[in-house]
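What follows is the content of data_38.txt, which has compact mmCIF, C-alpha atoms:
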# COMPACT_ATOMS: atom_id res chain seq x y z
CA MET U 280 18.84 0.35 -16.20
CA ASP U 281 21.49 -2.14 -15.05
CA SER U 282 20.03 -4.99 -12.98
CA LEU U 283 22.70 -4.43 -10.31
CA LEU U 284 21.09 -1.07 -9.49
CA HIS U 285 17.69 -2.38 -8.47
CA ASP U 286 18.45 -2.48 -4.76
CA TRP U 287 21.19 -2.17 -2.18
CA PRO U 288 23.22 -5.36 -1.64
CA GLU U 289 22.87 -5.16 2.15
CA PRO U 290 20.52 -3.48 4.64
CA VAL U 291 21.36 0.23 4.83
CA VAL U 292 22.16 1.60 8.29
CA ALA U 293 22.09 5.36 8.75
CA VAL U 294 25.43 6.63 10.06
CA GLN U 295 23.54 9.10 12.24
CA SER U 296 21.91 6.21 14.10
CA ILE U 297 25.32 4.66 14.80
CA ALA U 298 26.72 7.98 16.00
CA GLU U 299 23.76 8.62 18.29
CA SER U 300 23.88 5.11 19.77
CA GLY U 301 26.83 6.08 21.96
CA ALA U 302 29.20 3.66 20.23
CA THR U 303 32.87 4.29 21.04
CA LEU U 304 34.17 2.20 18.12
CA ILE U 305 33.13 2.43 14.50
CA PRO U 306 31.99 -0.76 12.72
CA ASN U 307 34.70 -2.47 10.67
CA LYS U 308 33.02 -1.69 7.35
CA TYR U 309 33.78 2.02 7.92
CA VAL U 310 37.47 1.46 8.67
CA LYS U 311 39.59 2.48 5.67
CA LEU U 312 42.81 0.90 4.49
CA ALA U 313 45.82 2.55 6.13
CA ALA U 314 46.81 4.34 2.91
CA ASP U 315 43.33 5.89 2.57
CA ARG U 316 42.92 7.14 6.14
CA PRO U 317 43.11 10.84 7.04
CA THR U 318 46.44 10.09 8.70
CA GLY U 319 47.75 8.28 5.61
CA PRO U 320 50.36 9.44 3.04
CA GLY U 321 50.20 13.15 2.19
CA SER U 322 47.71 13.92 4.93
CA SER U 323 49.75 16.58 6.67
CA ALA U 324 51.82 17.92 3.78
CA GLY U 325 50.78 21.05 1.97
CA ARG U 326 48.24 22.23 4.50
CA GLU U 327 49.65 25.74 4.42
CA LEU U 328 48.38 25.99 0.83
CA SER U 329 44.90 27.21 -0.04
CA ILE U 330 42.70 27.09 -3.11
CA PRO U 331 42.32 30.36 -5.06
CA ILE U 332 39.72 32.97 -4.06
CA ILE U 333 38.05 34.81 -6.96
CA ASP U 334 35.81 37.89 -6.85
CA LEU U 335 33.06 37.34 -9.41
CA GLY U 336 31.75 40.85 -8.79
CA LYS U 337 34.55 42.11 -11.02
CA LEU U 338 32.83 40.55 -14.05
CA ALA U 339 30.47 43.52 -13.94
CA GLY U 340 33.41 45.94 -14.07
CA GLY U 341 35.46 47.13 -17.01
CA VAL U 342 37.26 45.08 -19.62
CA ILE U 343 40.47 44.84 -17.58
CA ASP U 344 38.65 43.53 -14.49
CA CYS U 345 36.68 41.06 -16.58
CA ARG U 346 39.81 39.72 -18.27
CA ALA U 347 41.47 39.37 -14.87
CA VAL U 348 38.58 37.19 -13.62
CA ILE U 349 38.67 35.04 -16.75
CA ARG U 350 42.42 34.55 -16.34
CA ALA U 351 42.07 33.80 -12.60
CA ILE U 352 39.40 31.14 -13.18
CA SER U 353 41.38 29.63 -16.05
CA ASP U 354 44.52 29.44 -13.88
CA ALA U 355 42.53 27.94 -10.98
CA CYS U 356 41.03 25.26 -13.24
CA ARG U 357 44.45 24.36 -14.64
CA ASP U 358 46.37 24.41 -11.36
CA TRP U 359 43.80 23.32 -8.78
CA GLY U 360 40.46 22.30 -10.31
CA PHE U 361 38.94 24.15 -7.33
CA PHE U 362 38.36 27.76 -6.31
CA GLN U 363 36.24 29.80 -3.92
CA VAL U 364 34.04 32.60 -5.24
CA VAL U 365 32.91 35.73 -3.42
CA ASN U 366 30.45 38.37 -4.64
CA HIS U 367 28.84 35.54 -6.57
CA GLY U 368 25.34 37.01 -6.79
CA VAL U 369 23.59 34.26 -4.81
CA ASP U 370 21.17 35.71 -2.26
CA MET U 371 22.68 35.09 1.18
CA GLU U 372 19.20 34.99 2.74
CA VAL U 373 18.42 32.04 0.47
CA VAL U 374 21.73 30.44 1.46
CA LYS U 375 20.90 30.83 5.13
CA ALA U 376 17.39 29.46 4.58
CA VAL U 377 18.47 26.38 2.63
CA LEU U 378 21.03 25.46 5.29
CA GLY U 379 18.35 25.96 7.95
CA VAL U 380 15.68 23.72 6.42
CA TRP U 381 18.12 20.89 5.75
CA ARG U 382 19.56 21.05 9.25
CA GLU U 383 15.97 20.72 10.47
CA PHE U 384 15.43 17.73 8.20
CA PHE U 385 18.39 15.81 9.59
CA LYS U 386 17.12 16.46 13.12
CA LEU U 387 13.83 14.67 12.35
CA PRO U 388 13.23 11.26 13.94
CA MET U 389 14.94 8.46 12.03
CA GLU U 390 11.63 6.79 11.13
CA GLU U 391 10.51 10.00 9.41
CA LYS U 392 13.68 10.28 7.36
CA LYS U 393 13.55 6.61 6.38
CA LYS U 394 10.14 7.12 4.77
CA LEU U 395 12.11 8.82 2.00
CA ALA U 396 14.84 6.15 1.78
CA ASN U 397 16.49 5.94 -1.62
CA SER U 398 17.49 3.10 -3.91
CA PRO U 399 20.42 2.83 -6.35
CA ARG U 400 18.01 3.15 -9.28
CA THR U 401 17.99 6.96 -9.11
CA TYR U 402 19.61 7.75 -5.73
CA GLU U 403 16.77 10.22 -5.05
CA GLY U 404 15.91 10.53 -1.40
CA TYR U 405 17.56 9.78 1.95
CA GLY U 406 20.59 7.51 1.86
CA SER U 407 23.82 6.41 3.49
CA ARG U 408 25.88 4.66 0.85
CA LEU U 409 27.21 5.04 -2.68
CA GLY U 410 27.85 2.01 -4.82
CA VAL U 411 26.25 -1.42 -4.88
CA GLU U 412 29.24 -3.69 -4.47
CA LYS U 413 28.66 -6.02 -1.56
CA ASP U 414 31.01 -5.84 1.45
CA SER U 415 32.62 -2.64 0.16
CA SER U 416 34.08 -0.05 2.53
CA LEU U 417 31.51 2.55 3.59
CA ASP U 418 31.82 6.26 4.32
CA TRP U 419 30.86 8.01 7.57
CA GLY U 420 28.04 10.14 6.22
CA ASP U 421 24.35 10.30 5.32
CA TYR U 422 22.85 12.36 2.51
CA PHE U 423 19.72 13.47 0.72
CA TYR U 424 19.81 13.48 -3.08
CA LEU U 425 17.41 15.40 -5.34
CA HIS U 426 16.94 15.87 -9.08
CA LEU U 427 16.22 19.49 -10.07
CA LEU U 428 16.56 19.49 -13.88
CA PRO U 429 15.21 18.50 -16.28
CA HIS U 430 11.78 18.97 -14.74
CA CYS U 431 10.48 15.74 -16.26
CA ILE U 432 12.62 13.60 -13.94
CA LYS U 433 12.02 15.59 -10.76
CA ASN U 434 10.14 13.33 -8.34
CA PHE U 435 8.39 15.38 -5.67
CA ASP U 436 7.32 12.15 -3.95
CA LYS U 437 10.96 11.95 -2.82
CA TRP U 438 11.08 15.54 -1.52
CA PRO U 439 10.55 16.17 2.20
CA THR U 440 7.25 17.73 3.26
CA VAL U 441 8.81 18.64 6.61
CA PRO U 442 10.13 21.27 7.13
CA GLY U 443 7.24 22.88 5.30
CA ALA U 444 9.32 25.43 3.40
CA CYS U 445 11.93 22.89 2.24
CA ARG U 446 10.60 22.49 -1.31
CA GLU U 447 10.16 26.20 -2.03
CA ILE U 448 13.53 27.20 -0.57
CA THR U 449 15.42 24.34 -2.23
CA GLU U 450 13.94 25.14 -5.63
CA GLU U 451 14.89 28.82 -5.31
CA TYR U 452 18.39 27.87 -4.22
CA GLY U 453 18.61 25.55 -7.24
CA ARG U 454 17.56 28.32 -9.63
CA GLN U 455 20.26 30.61 -8.28
CA MET U 456 22.84 27.82 -8.54
CA VAL U 457 21.96 27.30 -12.22
CA ASN U 458 22.50 31.02 -12.84
CA LEU U 459 25.88 30.92 -11.11
CA CYS U 460 27.00 27.84 -13.03
CA GLU U 461 25.97 29.40 -16.33
CA THR U 462 28.11 32.43 -15.50
CA VAL U 463 31.10 30.19 -14.78
CA MET U 464 30.45 28.19 -17.98
CA LYS U 465 30.57 31.44 -19.96
CA VAL U 466 33.89 32.35 -18.36
CA LEU U 467 35.31 28.89 -19.09
CA SER U 468 34.11 29.11 -22.70
CA MET U 469 35.88 32.44 -23.18
CA SER U 470 39.02 31.20 -21.46
CA LEU U 471 39.21 28.34 -23.97
CA GLY U 472 38.85 30.78 -26.87
CA PHE U 473 35.18 30.19 -27.69
CA ASN U 474 31.99 32.28 -27.61
CA VAL U 475 30.29 32.61 -24.23
CA GLU U 476 27.58 30.01 -24.92
CA PHE U 477 29.92 27.36 -26.32
CA LEU U 478 30.20 24.98 -23.35
CA LYS U 479 26.54 25.32 -22.38
CA GLU U 480 25.58 24.36 -25.94
CA LYS U 481 27.91 21.37 -25.75
CA PHE U 482 26.10 20.38 -22.53
CA GLY U 483 22.73 20.43 -24.30
CA GLY U 484 21.70 24.09 -24.08
CA GLU U 485 18.44 24.48 -22.15
CA GLU U 486 18.28 20.71 -21.58
CA ILE U 487 21.13 20.53 -19.07
CA GLY U 488 20.77 18.43 -15.93
CA ALA U 489 21.01 19.59 -12.33
CA CYS U 490 20.88 17.74 -9.04
CA MET U 491 21.71 18.37 -5.41
CA ARG U 492 23.17 16.32 -2.61
CA VAL U 493 22.82 17.46 1.00
CA ASN U 494 25.59 15.84 3.04
CA TYR U 495 25.34 15.18 6.76
CA TYR U 496 28.47 14.00 8.56
CA PRO U 497 27.73 12.99 12.18
CA LYS U 498 30.30 13.10 14.97
CA CYS U 499 32.66 10.15 14.74
CA PRO U 500 34.29 8.36 17.71
CA GLN U 501 37.31 7.31 15.59
CA PRO U 502 37.75 9.95 12.86
CA GLU U 503 41.37 8.92 12.23
CA LEU U 504 40.18 5.58 10.80
CA THR U 505 37.52 6.65 8.33
CA LEU U 506 36.33 9.30 5.86
CA GLY U 507 33.07 11.16 5.46
CA LEU U 508 33.41 10.75 1.71
CA SER U 509 36.17 8.77 0.00
CA ALA U 510 38.52 10.33 -2.54
CA HIS U 511 36.92 10.90 -5.94
CA SER U 512 36.50 13.38 -8.75
CA ASP U 513 32.98 14.52 -9.59
CA PRO U 514 31.48 12.81 -12.65
CA GLY U 515 29.48 15.82 -13.90
CA GLY U 516 30.28 19.27 -15.26
CA LEU U 517 30.56 21.77 -12.43
CA THR U 518 30.00 21.39 -8.69
CA VAL U 519 29.12 24.26 -6.38
CA LEU U 520 29.60 23.44 -2.71
CA LEU U 521 27.96 25.34 0.11
CA ALA U 522 30.28 24.28 2.91
CA ASP U 523 30.08 24.63 6.67
CA ASP U 524 32.37 27.59 7.35
CA GLN U 525 32.64 26.66 11.04
CA VAL U 526 33.63 23.00 10.64
CA PRO U 527 36.23 22.29 7.92
CA GLY U 528 36.12 18.88 6.30
CA LEU U 529 36.78 19.14 2.56
CA GLN U 530 40.28 18.22 1.40
CA VAL U 531 41.61 18.65 -2.13
CA ARG U 532 44.48 16.70 -3.64
CA LYS U 533 47.42 18.87 -4.71
CA GLY U 534 50.19 16.67 -6.08
CA ASN U 535 50.77 14.07 -3.39
CA ALA U 536 49.31 16.18 -0.59
CA TRP U 537 45.82 16.67 0.80
CA VAL U 538 45.01 20.35 1.34
CA THR U 539 42.25 21.26 3.79
CA VAL U 540 39.87 23.88 2.43
CA ASN U 541 38.93 26.59 4.92
CA PRO U 542 35.72 28.12 3.54
CA ILE U 543 35.38 31.90 3.69
CA PRO U 544 32.08 32.97 5.27
CA GLY U 545 29.68 33.80 2.46
CA ALA U 546 31.83 32.17 -0.22
CA LEU U 547 30.94 29.19 -2.43
CA ILE U 548 33.41 26.51 -3.54
CA ILE U 549 33.40 25.54 -7.22
CA ASN U 550 35.17 22.61 -8.83
CA VAL U 551 35.51 21.22 -12.31
CA GLY U 552 33.96 17.82 -12.97
CA ASP U 553 35.01 15.02 -15.30
CA GLN U 554 32.81 16.22 -18.18
CA ILE U 555 34.68 19.53 -18.39
CA GLN U 556 37.95 17.58 -18.38
CA VAL U 557 36.65 15.49 -21.28
CA LEU U 558 35.28 18.40 -23.33
CA SER U 559 38.44 20.47 -22.82
CA ASN U 560 40.64 17.49 -23.75
CA ALA U 561 42.24 17.79 -20.28
CA THR U 562 43.04 21.50 -20.61
CA TYR U 563 41.08 21.73 -17.37
CA LYS U 564 41.19 18.74 -15.03
CA SER U 565 38.83 17.46 -12.40
CA VAL U 566 40.66 16.91 -9.12
CA GLU U 567 40.32 14.30 -6.43
CA HIS U 568 38.81 15.46 -3.17
CA ARG U 569 37.58 13.81 0.01
CA VAL U 570 35.87 14.67 3.30
CA VAL U 571 37.27 14.07 6.77
CA VAL U 572 35.11 13.89 9.88
CA ASN U 573 35.76 14.72 13.53
CA GLU U 574 34.84 13.64 17.01
CA ALA U 575 33.55 16.96 18.34
CA GLU U 576 31.35 18.42 15.61
CA GLU U 577 28.78 17.28 13.09
CA ARG U 578 28.93 18.91 9.67
CA LEU U 579 26.44 19.71 6.92
CA SER U 580 27.19 20.78 3.35
CA ILE U 581 25.18 21.13 0.14
CA ALA U 582 26.65 20.13 -3.23
CA PHE U 583 24.94 21.33 -6.40
CA PHE U 584 25.83 19.51 -9.62
CA TYR U 585 25.52 21.13 -13.06
CA ASN U 586 25.57 18.33 -15.63
CA PRO U 587 25.23 17.75 -19.37
CA LYS U 588 22.04 16.46 -20.96
CA SER U 589 22.06 12.82 -19.89
CA ASP U 590 21.73 11.14 -23.31
CA LEU U 591 24.10 13.44 -25.22
CA PRO U 592 27.43 11.82 -26.21
CA LEU U 593 30.33 13.97 -25.03
CA GLU U 594 33.91 13.90 -26.27
CA PRO U 595 36.75 16.41 -26.60
CA VAL U 596 35.74 19.36 -28.79
CA LYS U 597 37.48 19.17 -32.15
CA GLU U 598 38.99 22.65 -31.81
CA LEU U 599 41.04 21.43 -28.83
CA VAL U 600 42.33 18.30 -30.58
CA THR U 601 45.60 18.79 -32.44
CA GLN U 602 48.47 16.70 -33.72
CA GLU U 603 50.47 17.73 -30.67
CA ARG U 604 47.49 17.06 -28.37
CA PRO U 605 45.44 14.19 -29.84
CA GLN U 606 41.98 13.24 -28.61
CA LEU U 607 42.39 11.85 -25.11
CA TYR U 608 38.88 10.50 -24.43
CA ARG U 609 36.28 8.51 -26.32
CA ALA U 610 32.66 9.63 -26.53
CA MET U 611 30.14 8.58 -23.87
CA THR U 612 26.79 9.86 -22.61
CA PHE U 613 26.51 11.12 -19.06
CA ASN U 614 23.89 8.43 -18.36
CA GLU U 615 26.48 5.78 -19.23
CA TYR U 616 29.27 7.59 -17.44
CA ARG U 617 27.61 8.00 -14.04
CA LEU U 618 26.72 4.31 -13.87
CA TYR U 619 30.33 3.79 -12.78
CA ILE U 620 30.04 5.71 -9.51
CA ARG U 621 26.54 4.35 -8.91
CA LYS U 622 27.95 0.83 -9.07
CA LYS U 623 31.36 1.25 -7.46
CA GLY U 624 30.97 4.36 -5.30
CA PRO U 625 33.69 7.04 -5.10
CA SER U 626 36.89 5.64 -6.65
CA GLY U 627 39.50 8.34 -7.13
CA LYS U 628 40.14 9.23 -10.78
CA THR U 629 39.63 5.70 -12.11
CA GLN U 630 36.37 6.62 -13.83
CA VAL U 631 37.66 9.34 -16.13
CA GLU U 632 40.90 7.43 -16.71
CA SER U 633 38.83 4.51 -18.02
CA LEU U 634 37.51 6.81 -20.78
CA LYS U 635 40.91 7.38 -22.34
CA ALA U 636 41.06 6.70 -26.05
CA MET U 637 43.23 3.76 -26.98
Could you spell out this file's structure in structure tokens?
Amino acid sequence: MDSLLHDWPEPVVAVQSIAESGATLIPNKYVKLAADRPTGPGSSAGRELSIPIIDLGKLAGGVIDCRAVIRAISDACRDWGFFQVVNHGVDMEVVKAVLGVWREFFKLPMEEKKKLANSPRTYEGYGSRLGVEKDSSLDWGDYFYLHLLPHCIKNFDKWPTVPGACREITEEYGRQMVNLCETVMKVLSMSLGFNVEFLKEKFGGEEIGACMRVNYYPKCPQPELTLGLSAHSDPGGLTVLLADDQVPGLQVRKGNAWVTVNPIPGALIINVGDQIQVLSNATYKSVEHRVVVNEAEERLSIAFFYNPKSDLPLEPVKELVTQERPQLYRAMTFNEYRLYIRKKGPSGKTQVESLKAM
């Protein structure tokens, strides 16, 4: 493990504690450069657009319906990198329960939450910053990060004991997320011309990784100056976001514009991560996204990350490398790859661009 990741470079202050202090101005370290603010370039353009909505229930239908879903997901991954899914098979009672227990957690007294404070070594636990570079700009949000798979790295000492049902509900939610991601991986495999298990096998088969980040964005007295989460693409394979359908906040880059995602009640938002971009030799591309905050409402979301086996070198699959489309990325393990965001925090698309073969 890199020596820079042993501890945070400065004392960590929970954003929730700043928000609840009654402050009318945000500290300078949360103020973004003018070009990166929600009111910066591209912030208002394209907002009439929306990411695709796909009915996964049609996969259980006939051949024509199934092909239509495969084509729709393929088009969404090429054109947007994001899509919403309905009839996804995830139990909505479990969805309701997992949102409930994590809302309860973030309402606990600060001293209780801080007992589970994280470090940059694994990020597991309660935290308020990404990246270990001193004096870097910070985001207006707190989070709780958990490892789910493989089981050998799951640290229950970092899981909340209050609310009492948190562990059981979170684990069940995680199991259902794995099932959903495996369905999407099968569709992506077929859309690329391979057998249904192709991408999962490339990810390590039954040894894939999975983790979860519960995001809490408190009310912000100056939301026009900051972001809940800075622009970035996700380093892993697939991300499934359970978003607050009452308080929008997620924005997706489309060309030079930022498009606000309005979640459909009961839907889940899925996006392609950098590892799918690498494996597909950029047939499918991960897309920058960010989170804006607001003055009137807090917001909670849950991001589930489906990742490759951490020590497995990944590179573009040979079947997608041709003379017309040469190999775009060099091989790297996911363990090596995610060190970038753990050191620097969210940094646009610079991470995957740094992998390009010379």
Separation of CA of Ala561 in chain U from CA of Ala536 in chain U, in Å and rounded to one decimal
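Between CA of Ala561 in chain U and CA of Ala536 in chain U the gap is 21.0 Å.
Non-sequential neighbours of range 603-618 of chain U (distance at most 8 Å, separation of 6 or more positions within a chain, all atoms listed in the file) are Pro514, Gly515, Val557, Asn560, Ala561, Pro587, Lys588, Ser589, Asp590, Leu591, Pro592, Leu593, Glu594, Pro595, Leu634, Lys635 and Ala636 of chain U.
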May I have the selected residues written with C-alpha atoms, as an mmCIF file, in the coordinates of the input?
data_model
loop_
_atom_site.group_PDB
_atom_site.id
_atom_site.type_symbol
_atom_site.label_atom_id
_atom_site.label_comp_id
_atom_site.auth_asym_id
_atom_site.auth_seq_id
_atom_site.Cartn_x
_atom_site.Cartn_y
_atom_site.Cartn_z
ATOM 1 C CA PRO U 514 31.480 12.810 -12.650
ATOM 2 C CA GLY U 515 29.480 15.820 -13.900
ATOM 3 C CA VAL U 557 36.650 15.490 -21.280
ATOM 4 C CA ASN U 560 40.640 17.490 -23.750
ATOM 5 C CA ALA U 561 42.240 17.790 -20.280
ATOM 6 C CA PRO U 587 25.230 17.750 -19.370
ATOM 7 C CA LYS U 588 22.040 16.460 -20.960
ATOM 8 C CA SER U 589 22.060 12.820 -19.890
ATOM 9 C CA ASP U 590 21.730 11.140 -23.310
ATOM 10 C CA LEU U 591 24.100 13.440 -25.220
ATOM 11 C CA PRO U 592 27.430 11.820 -26.210
ATOM 12 C CA LEU U 593 30.330 13.970 -25.030
ATOM 13 C CA GLU U 594 33.910 13.900 -26.270
ATOM 14 C CA PRO U 595 36.750 16.410 -26.600
ATOM 15 C CA LEU U 634 37.510 6.810 -20.780
ATOM 16 C CA LYS U 635 40.910 7.380 -22.340
ATOM 17 C CA ALA U 636 41.060 6.700 -26.050
#
Using all atoms listed in the file, the shortest atom-to-atom distance to Pro290 in chain U among U:Gln530, U:Thr401, U:Asn307, U:Ser407 belongs to U:Ser407
Excluding range 503-506 of chain U and its own-chain neighbours fewer than 2 positions away, which residues fall within 7 Å of it when counting all atoms listed in the file? Please give them as a ChimeraX atom specification.
/U:309-311,316-318,418-419,501,508-509,570-572
Between CA of Val348 in chain U and CA of Val466 in chain U, what distance in Å does the model show, to one decimal?
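According to the coordinates, CA of Val348 in chain U and CA of Val466 in chain U are separated by 8.2 Å.
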Find the residue from U:Gly483, U:Pro388, U:Gly341, U:Gly301 that sits nearest to Val441 in chain U; use all atoms listed in the file when measuring.
U:Pro388
How far is it from CA of Leu378 in chain U to CA of Leu338 in chain U, in Å with one decimal?
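Result for CA of Leu378 in chain U versus CA of Leu338 in chain U: 27.2 Å, one decimal.
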Show me a table, sorted first by chain and then by increasing residue number, of the residues of range 520-580 of chain U having an atom at most 12 Å from range 444-465 of chain U, each with its shortest atom pair and the distance in Å to one decimal, counting all atoms listed in the file and written as a tab-separated table.
residue	atom	partner	partner_atom	distance
U:Leu520	CA	U:Met456	CA	9.9
U:Leu521	CA	U:Met456	CA	10.4
U:Leu547	CA	U:Leu459	CA	10.2
U:Ile548	CA	U:Cys460	CA	11.5
U:Ile549	CA	U:Cys460	CA	8.9
U:Asn550	CA	U:Val463	CA	10.5
U:Val551	CA	U:Val463	CA	10.3
U:Ile555	CA	U:Met464	CA	9.6
Could you give me, as a VMD selection string, the residues within 6 Å of range 353-368 of chain U, counting only C-alpha atoms and dropping anything in the same chain fewer than 5 positions from it?
chain U and resid 330 to 336 546 to 551 563 to 566
May I have the protein, DNA and RNA residues with any atom at most 9 Å from the point (26.5, 2.1, 6.5), counting only C-alpha atoms, written as a ChimeraX atom specification?
/U:290-294,297,306,308-309,407-408,416-421
Padding 3 Å on each side, edges along x, y and z: where is the centre of the box around the listed atoms of range 623-633 of chain U, and how long are its edges in Å to one decimal? Output it as JSON.
{"center_x": 35.9, "center_y": 5.3, "center_z": -11.6, "size_x": 15.9, "size_y": 14.1, "size_z": 18.9}
Selection near Val493 in chain U, 9 Å with only C-alpha atoms, sequence-local residues under 2 positions removed, as a PDB file with C-alpha atoms, in the coordinates of the input:
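Everything below was put into around_33.pdb:
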ATOM      1  CA  TRP U 381      18.120  20.890   5.750  1.00  0.00           C
ATOM      2  CA  ASP U 421      24.350  10.300   5.320  1.00  0.00           C
ATOM      3  CA  TYR U 422      22.850  12.360   2.510  1.00  0.00           C
ATOM      4  CA  PHE U 423      19.720  13.470   0.720  1.00  0.00           C
ATOM      5  CA  TYR U 424      19.810  13.480  -3.080  1.00  0.00           C
ATOM      6  CA  LEU U 425      17.410  15.400  -5.340  1.00  0.00           C
ATOM      7  CA  MET U 491      21.710  18.370  -5.410  1.00  0.00           C
ATOM      8  CA  TYR U 495      25.340  15.180   6.760  1.00  0.00           C
ATOM      9  CA  LEU U 579      26.440  19.710   6.920  1.00  0.00           C
ATOM     10  CA  SER U 580      27.190  20.780   3.350  1.00  0.00           C
ATOM     11  CA  ILE U 581      25.180  21.130   0.140  1.00  0.00           C
ATOM     12  CA  ALA U 582      26.650  20.130  -3.230  1.00  0.00           C
ATOM     13  CA  PHE U 583      24.940  21.330  -6.400  1.00  0.00           C
TER      14      PHE U 583
END
Closest to Glu383 in chain U among U:Glu632, U:Pro442, U:Thr562, U:Gln525, using all atoms listed in the file?
U:Pro442
Rank nothing, just name the residue among U:Phe482, U:Leu312, U:Pro544, U:Asp553 nearest to Ser633 in chain U, using all atoms listed in the file.
U:Asp553
Generate the coordinates of N, CA, C and O atoms for range 601-616 of chain U; report them as a compact mmCIF listing (two decimals), keeping the file's coordinate frame.
# COMPACT_ATOMS: atom_id res chain seq x y z
N THR U 601 44.57 18.45 -31.45
CA THR U 601 45.60 18.79 -32.44
C THR U 601 46.56 17.61 -32.60
O THR U 601 46.48 16.61 -31.87
N GLN U 602 47.47 17.75 -33.54
CA GLN U 602 48.47 16.70 -33.72
C GLN U 602 49.35 16.59 -32.49
O GLN U 602 49.75 15.50 -32.08
N GLU U 603 49.65 17.73 -31.87
CA GLU U 603 50.47 17.73 -30.67
C GLU U 603 49.67 17.26 -29.45
O GLU U 603 50.24 16.72 -28.49
N ARG U 604 48.36 17.48 -29.48
CA ARG U 604 47.49 17.06 -28.37
C ARG U 604 46.32 16.27 -28.95
O ARG U 604 45.24 16.82 -29.16
N PRO U 605 46.50 15.00 -29.23
CA PRO U 605 45.44 14.19 -29.84
C PRO U 605 44.26 13.99 -28.89
O PRO U 605 44.34 14.31 -27.70
N GLN U 606 43.18 13.47 -29.42
CA GLN U 606 41.98 13.24 -28.61
C GLN U 606 42.30 12.24 -27.50
O GLN U 606 42.77 11.14 -27.75
N LEU U 607 42.03 12.67 -26.27
CA LEU U 607 42.39 11.85 -25.11
C LEU U 607 41.26 10.92 -24.65
O LEU U 607 41.53 9.93 -23.97
N TYR U 608 40.00 11.25 -24.98
CA TYR U 608 38.88 10.50 -24.43
C TYR U 608 37.90 10.12 -25.53
O TYR U 608 37.66 10.87 -26.47
N ARG U 609 37.31 8.94 -25.38
CA ARG U 609 36.28 8.51 -26.32
C ARG U 609 34.92 9.08 -25.89
O ARG U 609 34.75 9.52 -24.75
N ALA U 610 33.99 9.07 -26.81
CA ALA U 610 32.66 9.63 -26.53
C ALA U 610 31.85 8.71 -25.63
O ALA U 610 31.94 7.48 -25.71
N MET U 611 31.04 9.33 -24.74
CA MET U 611 30.14 8.58 -23.87
C MET U 611 29.06 9.52 -23.36
O MET U 611 29.31 10.70 -23.14
N THR U 612 27.84 9.02 -23.19
CA THR U 612 26.79 9.86 -22.61
C THR U 612 26.97 9.94 -21.09
O THR U 612 27.61 9.06 -20.48
N PHE U 613 26.41 10.98 -20.51
CA PHE U 613 26.51 11.12 -19.06
C PHE U 613 25.74 10.01 -18.35
O PHE U 613 26.14 9.55 -17.27
N ASN U 614 24.63 9.56 -18.94
CA ASN U 614 23.89 8.43 -18.36
C ASN U 614 24.80 7.21 -18.22
O ASN U 614 24.79 6.52 -17.19
N GLU U 615 25.56 6.93 -19.28
CA GLU U 615 26.48 5.78 -19.23
C GLU U 615 27.60 6.04 -18.23
O GLU U 615 27.99 5.16 -17.46
N TYR U 616 28.11 7.25 -18.25
CA TYR U 616 29.27 7.59 -17.44
C TYR U 616 28.99 7.47 -15.95
O TYR U 616 29.79 6.91 -15.19
